[in-house]
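Asks: Can you keep this structure in mind? I'll have questions shortly.
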Amino acid sequence: MAIATLDVAYIRATVEEVLSKHFPAGSEKRRVIMKEKGIEMACPICGDSQKNPRAKRGILFFHSLQYACQNEGCRSSLTGLCKDNHIQLDPEQRMAIFQYLDQQILSGAYARASGDQFVMDSLDKLMTMEQLQAYFDEGDGFLRRFRPITKRDPQHKYLVERGTPEHAIPEIYAAHAQITPSWKEEVIVLINRSPGGKVLGMQTRNLQGGLKRRFKIYNFEFLYNELHPDAHIDPIDAAPYNKLSYLFNILRVDFERPVTVFEGYLDALFYPNAIGAVGTETDFGFLTSEGVDVRFFFDNDGAGHWKAQKYLRKGFPVFLWEKLFARQLARAKGDPLENARALRMIKDLNALANATPGHDPYHTYGLEAYFSAKDGLDSHWIPAPSRADKAAYIARKSNKLPQDASLDALAAELQNLSW
Ligand SMILES: [Zn+2]
């Protein structure tokens, strides 16, 4: 993939155009200072220091193209400054900036900056839980009766039956989703938010199993535009938020400690310091940047084995279901074959929790002990995925192959993928 780079000269010229709308020609306040992290300038929003004409307390950060001023705490972004000053970005440059930011979120620089700099600096764009509640209470939103789950709700029963830890339940919301004008159903709402209650995105899931089970993800841009129907967010500004909004718990994990990545939102509630990513479309690149101690917890099914092998080969620790099962079997009483069969029915952490009602699986099974070593020597613990498993994985990944596609067609598809 080509690396999108920032056209710094163009960004600088744009900033100078912004300044030209506020400060007289030839004045010191029009002069910018180019730094490695961004462009320092006299703040065009508050005018910067009255006393010191040389003061440049505003900075446009290159890694995020967000703007912050330390004079009066003004906040904006490149696109915000342009909009407020009636400056049109060149369409090609706009696309390049979009691609740059989209890629930035996947780079290590962004991961390191996200904790303090970018995300927190831009919290004015995140919505509060109060805003979200008020929006749904008005009654025109895509969910009705949005509320924290109480013991009377069917959602509570659903979660308890699935072994959801008690401490996690107050974090989860309930609502009615209106599927058609005459058909509504109860859903669980998992909100991706910061410890301070700022909202990045959400996922709803109904209380059905099997084929009737439905998930829906609402990313940052969608929620923002729902809540601000008259002032939609610029897609450039939304791009990094959108990426983060698919990573459940991303604002709550401690990157100084090992971070465990799951493929479902709900699973992440069962495990300390965990992120839930969605489906197979999610790009984990941002998490796998250097400096973050990340490991992967895939489901115990064909697609999960396939991915576990892939990530183990890349050098990441992955959870070894078979190793856990072997330890359990060695301890279990009764018929070993029956025990083995029962254990292998356990396909994910949720199911493991169900197997030990009332106890959280993390402590009950000492799950930390079953991640692979980084040297890949543990690969024998991962069952070799069959051809059908590979096919299932590809079908899920691409989501475009027909259900009855022949194995040969799938094999041909496999050839085109590189891993
Ligand atoms: Zn300012």
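All residue names refer to the structure tokens as shown: chains lettered A, B, ... in order, residues numbered from 1 in each chain, ligands numbered from 1 in order.
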Kindly provide, as an MDAnalysis selection string, all nucleotide and amino acid residues lying within 6 Å of ligand 1, counting only C-alpha atoms and all ligand atoms.
Replies: chainID A and resid 43 45:46 48 69 71:74
Asks: For each of A:Ile250, A:Leu266, A:Ile236, A:Leu78, take the minimum atom-to-atom distance to Ile172 of chain A, counting only C-alpha atoms, then give the residue where this is smallest.
Replies: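 Among A:Ile250, A:Leu266, A:Ile236, A:Leu78, it is A:Leu266 that comes nearest to Ile172 of chain A.
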Asks: Choose the residue, out of A:Gly210, A:Pro385, A:Pro272, A:Gly58, that has the smallest atom-to-atom separation from Asp360 of chain A; count only C-alpha atoms.
Replies: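 Of the candidates, the smallest distance to Asp360 of chain A is held by A:Pro272.
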Asks: As a list of chain:residue names, please: the residues near Phe248 of chain A (cut-off 10 Å, only C-alpha atoms, same-chain neighbours under 4 positions excluded).
Replies: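 Residues meeting the cut-off are A:Leu190, A:Ile191, A:Asn192, A:Arg193, A:Leu200, A:Gly201, A:Met202, A:Gln203, A:Leu244, A:Arg252, A:Val253, A:Val261, A:Phe262, A:Glu263, A:Gly264, A:Tyr265, A:Leu266, A:Ala268, A:Leu269, A:Ala274, A:Ile275, A:Gly276, A:Ala277, A:Val278.
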Asks: Looking only at the backbone, which of the residues in segment 90-261 of chain A does DSSP tag as alpha helix (DSSP H), as JSON, numbers by chain?
Replies: {"A": [91, 92, 93, 94, 95, 96, 97, 98, 99, 100, 101, 102, 103, 104, 108, 109, 110, 111, 112, 113, 119, 120, 121, 129, 130, 131, 132, 133, 134, 135, 136, 137, 154, 155, 156, 157, 158, 159, 160, 161, 220, 221, 222, 223, 224, 225, 226, 227, 235, 236, 237, 238, 239, 240, 241, 242, 243, 244, 245]}
Asks: Excluding segment 370-374 of chain A and any residue of its chain fewer than 4 positions from it, enumerate the residues within 12 Å of it, using only C-alpha atoms, and give them as a PyMOL selection string.
Replies: chain A and resi 258+260+293-298+308-309+311-328+362+365-366+378-382
Asks: Please, what distance in Å, to one decimal, runs between atom CA of Met34 of chain A and atom CA of Arg12 of chain A?
Replies: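 Taking atom CA of Met34 of chain A as the start and atom CA of Arg12 of chain A as the end point, the length is 8.4 Å.
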Asks: Which residues come within 9 Å of Ala177 of chain A, counting only C-alpha atoms, excluding same-chain residues fewer than 4 positions away, as a list in words?
Replies: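 Non-adjacent residues within range: Phe142, Leu143, Arg144, Arg145, Trp183, Lys184, Glu185, Glu186, Val187, Thr204 and Asn206 of chain A.
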Asks: So, with only C-alpha atoms as the atoms that count, which of A:Leu60, A:Leu367, A:Ala384, A:Leu101 lies closest to Leu6 of chain A?
Replies: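 Looking at the shortest contact to Leu6 of chain A, the residue is A:Leu101.
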Asks: Record the distance separating atom CA of Ile59 of chain A and atom CA of Asp102 of chain A, expressed in Å with one decimal.
Replies: 20.8 Å
Asks: Neighbouring residues of Asn354 of chain A were defined as those with any atom within 9 Å, considering only C-alpha atoms; residues of the same chain fewer than 6 positions away were excluded. Please report them as a ChimeraX atom specification.
Replies: /A:161-164,361
Asks: Write the selection just made, keeping all heavy atoms, as a compact mmCIF listing (two decimals), in the first residue's frame?
Replies:
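In the end it all went to again_33.txt:
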# COMPACT_ATOMS: atom_id res chain seq x y z
N GLU A 161 -27.79 -14.92 31.95
CA GLU A 161 -27.76 -16.31 31.45
C GLU A 161 -26.52 -16.60 30.63
O GLU A 161 -26.11 -17.75 30.49
CB GLU A 161 -29.02 -16.59 30.60
CG GLU A 161 -30.24 -16.86 31.46
CD GLU A 161 -31.50 -17.00 30.63
OE1 GLU A 161 -31.43 -16.86 29.38
OE2 GLU A 161 -32.56 -17.25 31.23
N ARG A 162 -25.94 -15.59 30.06
CA ARG A 162 -24.73 -15.78 29.29
C ARG A 162 -23.47 -15.54 30.11
O ARG A 162 -22.37 -15.41 29.57
CB ARG A 162 -24.74 -14.89 28.05
CG ARG A 162 -25.46 -15.60 26.93
CD ARG A 162 -26.16 -14.67 25.98
NE ARG A 162 -27.08 -15.46 25.17
CZ ARG A 162 -28.29 -15.84 25.58
NH1 ARG A 162 -28.72 -15.51 26.79
NH2 ARG A 162 -29.07 -16.56 24.81
N GLY A 163 -23.65 -15.46 31.42
CA GLY A 163 -22.49 -15.36 32.30
C GLY A 163 -21.80 -14.00 32.30
O GLY A 163 -20.64 -13.89 32.68
N THR A 164 -22.52 -12.95 31.87
CA THR A 164 -21.91 -11.62 31.89
C THR A 164 -21.57 -11.23 33.33
O THR A 164 -22.42 -11.35 34.21
CB THR A 164 -22.89 -10.58 31.31
OG1 THR A 164 -23.37 -11.07 30.07
CG2 THR A 164 -22.22 -9.23 31.10
N PRO A 361 -14.73 -16.48 34.04
CA PRO A 361 -13.78 -17.44 33.44
C PRO A 361 -12.32 -17.00 33.59
O PRO A 361 -11.43 -17.84 33.68
CB PRO A 361 -14.20 -17.49 31.97
CG PRO A 361 -15.04 -16.28 31.73
CD PRO A 361 -15.65 -15.91 33.04
Asks: Select from segment 139-380 of chain A everything DSSP, run on the backbone, classes as strand (DSSP E or B), then give the selection as JSON, numbers by chain.
Replies: {"A": [143, 144, 145, 146, 147, 148, 173, 174, 175, 176, 177, 178, 179, 180, 183, 184, 185, 186, 187, 188, 189, 190, 191, 192, 193, 198, 199, 200, 201, 202, 203, 204, 205, 206, 215, 216, 217, 218, 248, 259, 260, 261, 262, 274, 275, 276, 294, 295, 296, 297, 318, 319, 371]}
